[in-house]
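Below: the structure, in structure tokens.
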Amino acid sequence: MIIIGAGMTGSIIARELSVYRIKVAVMERSLYVCGGQSKANGAIIHGGHDPEPETLKARLNVEGNRMFPRLCEELGVSFRQSGIYVIAFEKSEFRVLLRLLEQGERNGVRGLRILKAPELRVSEPKISRKAVGALCISSGGIVDVHRLVIACAEHASMNGCQFRFGEQVLGLLRQEKRIEGVITTSGEHRSRLVVNCAGVYADDVMRMAGIENFCIIPRKGEYYILDRAEGDIVSRPCFQVPTPGGKGILIFPTTNGNGIIGGDSVVIRDKADTSTTAEGYRKVCRNVRRLVPDIDTERIIASFAGIRAVSSTGDFLIEKAEEVEGLINVAGIASPGLSAAPAIARSVVDLIGSEITLKKANGKIRSYRLNPLFRDASDTEKESLLRENQGYGRVVCRCENITEGDILEAIYAPIPARTVDAIKLRTKAGIGRCQGAFDMSRIIEILTRETGIRPMDVLKNGRESRIVYGYLKGQGTDETR
Ligand SMILES: Cc1cc2nc3c(=O)[nH]c(=O)nc-3n(C[C@H](O)[C@H](O)[C@H](O)COP(=O)(O)OP(=O)(O)OC[C@H]3O[C@@H](n4cnc5c(N)ncnc54)[C@H](O)[C@@H]3O)c2cc1C
């Protein structure tokens with residue numbers, strides 16, 4: 001079986017399949033997991049009040065949300081069921097809250113309630129005093145999305161799934177009406193089934209199979225990360241009432257202790273355009289003041305943009321292709337795709353099971369859990385980690401308190417982190433206030449020492465992202481160049 005794409009969807013499907021006696025390979029064009037939407041999103045686990053009732057989005061969001069606490073506990077990934085607020089500032093918006101409450105109940109969301117302004121002020125004191133009330137979705141929360149995708153992929157890999165990075169699928173092998181594999185940058189790979197989890201490029205893969213009646217509408221969202229000192233600005237994701245264009249500008253905390261503002265939604269042409277813009281920055285800063293008037297936007301330390309893979313049907317598309325055999329499309333997985341991911345994986349495995357016999361791989365299946373980062377470990381865990389490797393005693397990233405031991409774990413993980421950004425996603429080294437200014441050279445040094453990659457060949461993320469271009473006179477040796 002071949003899965004195209006090692007984002008949230010492809011990786012969690014691979015993990016789910018890894019308990020069966022079946023050979024699975026994941027083809028990913030990037031050099032590590034999270035090459036697309038799963039790298040740049042809100043990391044909010046929605047309750048399921050927002051999607052239209054009777055849609056796949058609604059059902060899988062509610063089911064996926066219920067699976068999150070156990071999934072994250074099993075994999076050792078941070079998840080906080082903080083609840084989510086949708087906040088109204090006018091009477092007309094309050095009526096929208098009542099409609100959303102009713103819609104959420106129809107979707108089967110538990111723990112929905114309306115908060116009046118005084119209660120809202122107590123739980124979120126920095127929210128504007130003009131707020132008249134909020135819808136509270138208590139099943140909602142926030143997750144460490146990067147470590148979740150990494151943990152799913154590493155678990156799948158531990159159980160025999162092969163991840164092939166830098167392998168872009170360029171075409172499909174086709175025998176009349178049957179898809180028999182993929183053609184990638186490295187050649188032909190045969191497979192009985194191909195599962196298309198290519199995110200914003202899922203429609204391009206469908207076109208390779210001759211399917212023309214579906215397209216992805218790429219919608220860019222810009223986000224601005226606040227310094228950890230502003231991490232307590234809100235205790236949970238705070239949305240404004242949605243508009244036809246989307247869920248609007250919001251403010252939310254991360255499991256890492258930062259605050260983030262953003263989430264505009266602009267249709268773009270270029271699916272690879274993850275630039276942030278002066279216009280987007282101004283729009284986000286202006287708009288977020290409706291929620292938190294006193295926000296100090298001088299405290300922004302970084303920005304990013306993600307491209308949503310919005311489906312032309314308005315709903316997730318998860319089905320066996322009708323036009324050809326041997327292809328399963330998992331397309332249009334925009335928000336709340338992360339929240340729905342565990343349920344999407346179950347549905348896809350059911351679809352696969354209706355095509356081929358899936359037999360459990362008795363006795364050989366290993367469970368898998370990420371070690372906590374050294375800074376997050378308990379005292380007992382810290383002692384044992386230090387006994388194992390003195391590197392846990394050497395801090396490399398001062399802003400995030402990440403040690404050499406954490407970085408070595410990433411380098412020697414079941415899916416080895418071999419670029420600076422891969423190490424950043426797995427360990428958080430470089431995401432803090434200095435944005436890698438202090439630790440990047442140290443990370444390059446460690447990567448070079450441990451893997452034998454020459455400093456000049458260390459990449460930031462993609463193939464064209466060298467960091468070291470030369471040496472100051474008198475520095476560097478023949479071995480290190
Ligand atoms: C701005 C933004 C905010 C969001 N916020 C939330 C949120 O708060 N909560 C929520 O539930 N959801 C949210 N989402 C949605 C969520 O991020 C996605 O639903 C989820 O990440 C989808 O994962 P995926 O694996 O389907 O797609 P992706 O993560 O895009 O993965 C697709 C992968 O396929 C690879 N690929 C593509 N083409 C090829 C090819 N030809 N050959 C090989 N590999 C290929 C890509 O490199 C990529 O790694 C948000 C999305 C965005 C963009």
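As shown in the structure tokens, the chain order sets the letters A, B, ...; within each chain, residues go from 1, and ligands are also counted from 1 in the order they appear.
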
For this session: Report as a ChimeraX atom specification which protein, DNA and RNA residues come within 7 Å of ligand 1, using only C-alpha atoms and all ligand atoms.
Result: /A:4-10,27-30,33-46,167-170,197-202,205,220-222,263,305-309,331,333-340

Problem set entry | Spatial neighbours of region 369-379 of chain A, 7 Å, only C-alpha atoms, chain gap at least 4 places, as a list in words | Glu74, Leu75, Gly76, Ala151, Glu383, Tyr392, Asn401, Ile402, Thr403, Asp406 and Thr427 of chain A

For this session: Would you mind listing what lies within 10 Å of region 342-347 of chain A as a ChimeraX atom specification, with only C-alpha atoms counted and same-chain residues fewer than 4 positions away left out?
Result: /A:8-17,56-57,59-68,71,316,318-319,330,333,337-338,351-353

For this session: Step one, run DSSP on the backbone; step two, keep only residues of region 242-330 of chain A assigned to strand (DSSP E or B); then write them as a PyMOL selection string.
Result: chain A and resi 243+246+250-253+259-262+266-267+300-311+317-320+325+327-330

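Proximity to Lys23 (chain A) at 12 Å, evaluated using only C-alpha atoms and with sequence-adjacent residues fewer than 2 positions away removed, yields Met1, Ile2, Ile3, Ala14, Leu17, Ser18, Val19, Tyr20, Arg21, Ala25, Val26, Ala156, Ser157, Asn159, Gly160, Cys161, Gln162, Phe163, Arg190, Ser191, Arg192, Leu193, Leu358, Lys359 and Ala361 of chain A.
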
Problem set entry | Residues of region 42-239 of chain A in helix (DSSP H, G or I), written as an MDAnalysis selection string | chainID A and resid 56:75 91:107 117:123 145:158 199:208 228:230

Problem set entry | Contacts of Arg433 (chain A) at 10 Å (only C-alpha atoms; same-chain gap of 2+ positions) as a ChimeraX atom specification | /A:225-229,299-302,398-400,430-431,435-437

Would you save the residues of that selection, restricted to N, CA, C and O atoms, as a short mmCIF file (atom, residue, chain, number, x, y, z; two decimals), in the first residue's frame?
data_model
loop_
_atom_site.label_atom_id
_atom_site.label_comp_id
_atom_site.auth_asym_id
_atom_site.auth_seq_id
_atom_site.Cartn_x
_atom_site.Cartn_y
_atom_site.Cartn_z
N ILE A 225 3.04 34.98 16.28
CA ILE A 225 3.31 34.32 17.57
C ILE A 225 3.80 35.36 18.57
O ILE A 225 4.72 36.13 18.28
N LEU A 226 3.18 35.36 19.74
CA LEU A 226 3.58 36.29 20.79
C LEU A 226 4.62 35.62 21.69
O LEU A 226 4.62 34.39 21.86
N ASP A 227 5.45 36.46 22.26
CA ASP A 227 6.47 35.98 23.20
C ASP A 227 5.80 35.20 24.35
O ASP A 227 4.66 35.47 24.70
N ARG A 228 6.57 34.26 24.91
CA ARG A 228 6.05 33.48 26.04
C ARG A 228 5.57 34.36 27.20
O ARG A 228 4.69 33.97 27.96
N ALA A 229 6.18 35.56 27.32
CA ALA A 229 5.78 36.47 28.40
C ALA A 229 4.30 36.85 28.27
O ALA A 229 3.67 37.25 29.24
N ARG A 299 5.05 42.56 21.05
CA ARG A 299 5.55 41.30 21.62
C ARG A 299 5.53 40.15 20.62
O ARG A 299 5.70 39.00 21.00
N ILE A 300 5.24 40.45 19.34
CA ILE A 300 5.26 39.39 18.33
C ILE A 300 6.72 38.99 18.07
O ILE A 300 7.56 39.86 17.86
N ILE A 301 6.99 37.67 18.09
CA ILE A 301 8.37 37.23 17.86
C ILE A 301 8.54 36.51 16.52
O ILE A 301 9.66 36.32 16.06
N ALA A 302 7.43 36.05 15.93
CA ALA A 302 7.56 35.32 14.66
C ALA A 302 6.21 35.28 13.96
O ALA A 302 5.17 35.55 14.58
N ARG A 398 18.47 28.37 24.55
CA ARG A 398 18.23 29.02 25.84
C ARG A 398 16.80 29.53 25.98
O ARG A 398 16.23 29.50 27.06
N CYS A 399 16.22 30.01 24.88
CA CYS A 399 14.86 30.56 24.99
C CYS A 399 13.87 29.47 25.40
O CYS A 399 12.99 29.70 26.21
N GLU A 400 14.01 28.27 24.81
CA GLU A 400 13.04 27.20 25.07
C GLU A 400 13.56 26.15 26.03
O GLU A 400 12.87 25.19 26.34
N GLY A 430 14.79 26.66 18.82
CA GLY A 430 14.78 27.71 17.80
C GLY A 430 13.42 28.37 17.60
O GLY A 430 13.30 29.24 16.75
N ILE A 431 12.40 27.95 18.38
CA ILE A 431 11.09 28.60 18.14
C ILE A 431 10.87 29.79 19.08
O ILE A 431 9.85 30.46 19.00
N GLN A 435 14.62 33.08 17.94
CA GLN A 435 14.35 32.45 16.63
C GLN A 435 15.58 31.77 16.03
O GLN A 435 15.82 31.86 14.83
N GLY A 436 16.36 31.13 16.90
CA GLY A 436 17.49 30.33 16.41
C GLY A 436 18.78 31.11 16.27
O GLY A 436 19.82 30.53 15.92
N ALA A 437 18.76 32.43 16.53
CA ALA A 437 19.99 33.23 16.34
C ALA A 437 21.11 32.67 17.22
O ALA A 437 22.27 32.65 16.81
#

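As for CA of Lys130 (chain A) and CA of Phe89 (chain A), they are spaced 6.0 Å apart.
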
Exercise. Which neighbours of Ser139 (chain A) fall inside 7 Å, counting only C-alpha atoms, when residues of the same chain fewer than 4 positions from it are skipped, and could you give them as a list in words?
Worked result: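 After dropping sequence-adjacent residues, the list is Gly47, Gln81, Gly83, Arg110 and Gly111 of chain A.
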
Could those selected residues go to a file with N, CA and C atoms, as an mmCIF file, in the first residue's frame?
data_model
loop_
_atom_site.group_PDB
_atom_site.id
_atom_site.type_symbol
_atom_site.label_atom_id
_atom_site.label_comp_id
_atom_site.auth_asym_id
_atom_site.auth_seq_id
_atom_site.Cartn_x
_atom_site.Cartn_y
_atom_site.Cartn_z
ATOM 1 N N GLY A 47 -14.574 21.219 18.913
ATOM 2 C CA GLY A 47 -15.567 20.287 19.463
ATOM 3 C C GLY A 47 -16.462 19.727 18.379
ATOM 4 N N GLN A 81 -7.382 20.032 27.276
ATOM 5 C CA GLN A 81 -8.804 20.244 26.984
ATOM 6 C C GLN A 81 -9.240 21.541 27.674
ATOM 7 N N GLY A 83 -11.154 23.906 26.583
ATOM 8 C CA GLY A 83 -12.404 24.518 26.154
ATOM 9 C C GLY A 83 -12.107 25.604 25.123
ATOM 10 N N ARG A 110 -20.937 17.450 22.978
ATOM 11 C CA ARG A 110 -21.333 17.501 24.388
ATOM 12 C C ARG A 110 -20.701 18.715 25.064
ATOM 13 N N GLY A 111 -21.307 19.153 26.166
ATOM 14 C CA GLY A 111 -20.694 20.186 26.999
ATOM 15 C C GLY A 111 -20.733 21.573 26.388
#

For this session: Excluding Ile211 (chain A) and residues on its chain fewer than 4 positions from it, collect all residues at most 8 Å away from it, counting only C-alpha atoms, and give them as a PyMOL selection string.
Result: chain A and resi 206-207+323

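Across the model, the gap from CA of Val310 (chain A) to CA of Lys271 (chain A) is 11.5 Å.
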
For this session: Return the single residue from A:His49, A:Arg366, A:Arg174, A:Arg164 that is closest to Cys136 (chain A), with distances computed using only C-alpha atoms.
Result: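 With only C-alpha atoms as the atom set, the closest residue is A:His49.
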
Problem set entry | Straight-line distance linking CA of Glu52 (chain A) with CA of Gly248 (chain A), stated in Å to one decimal |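 Computing it gives 17.0 Å between the two atoms.
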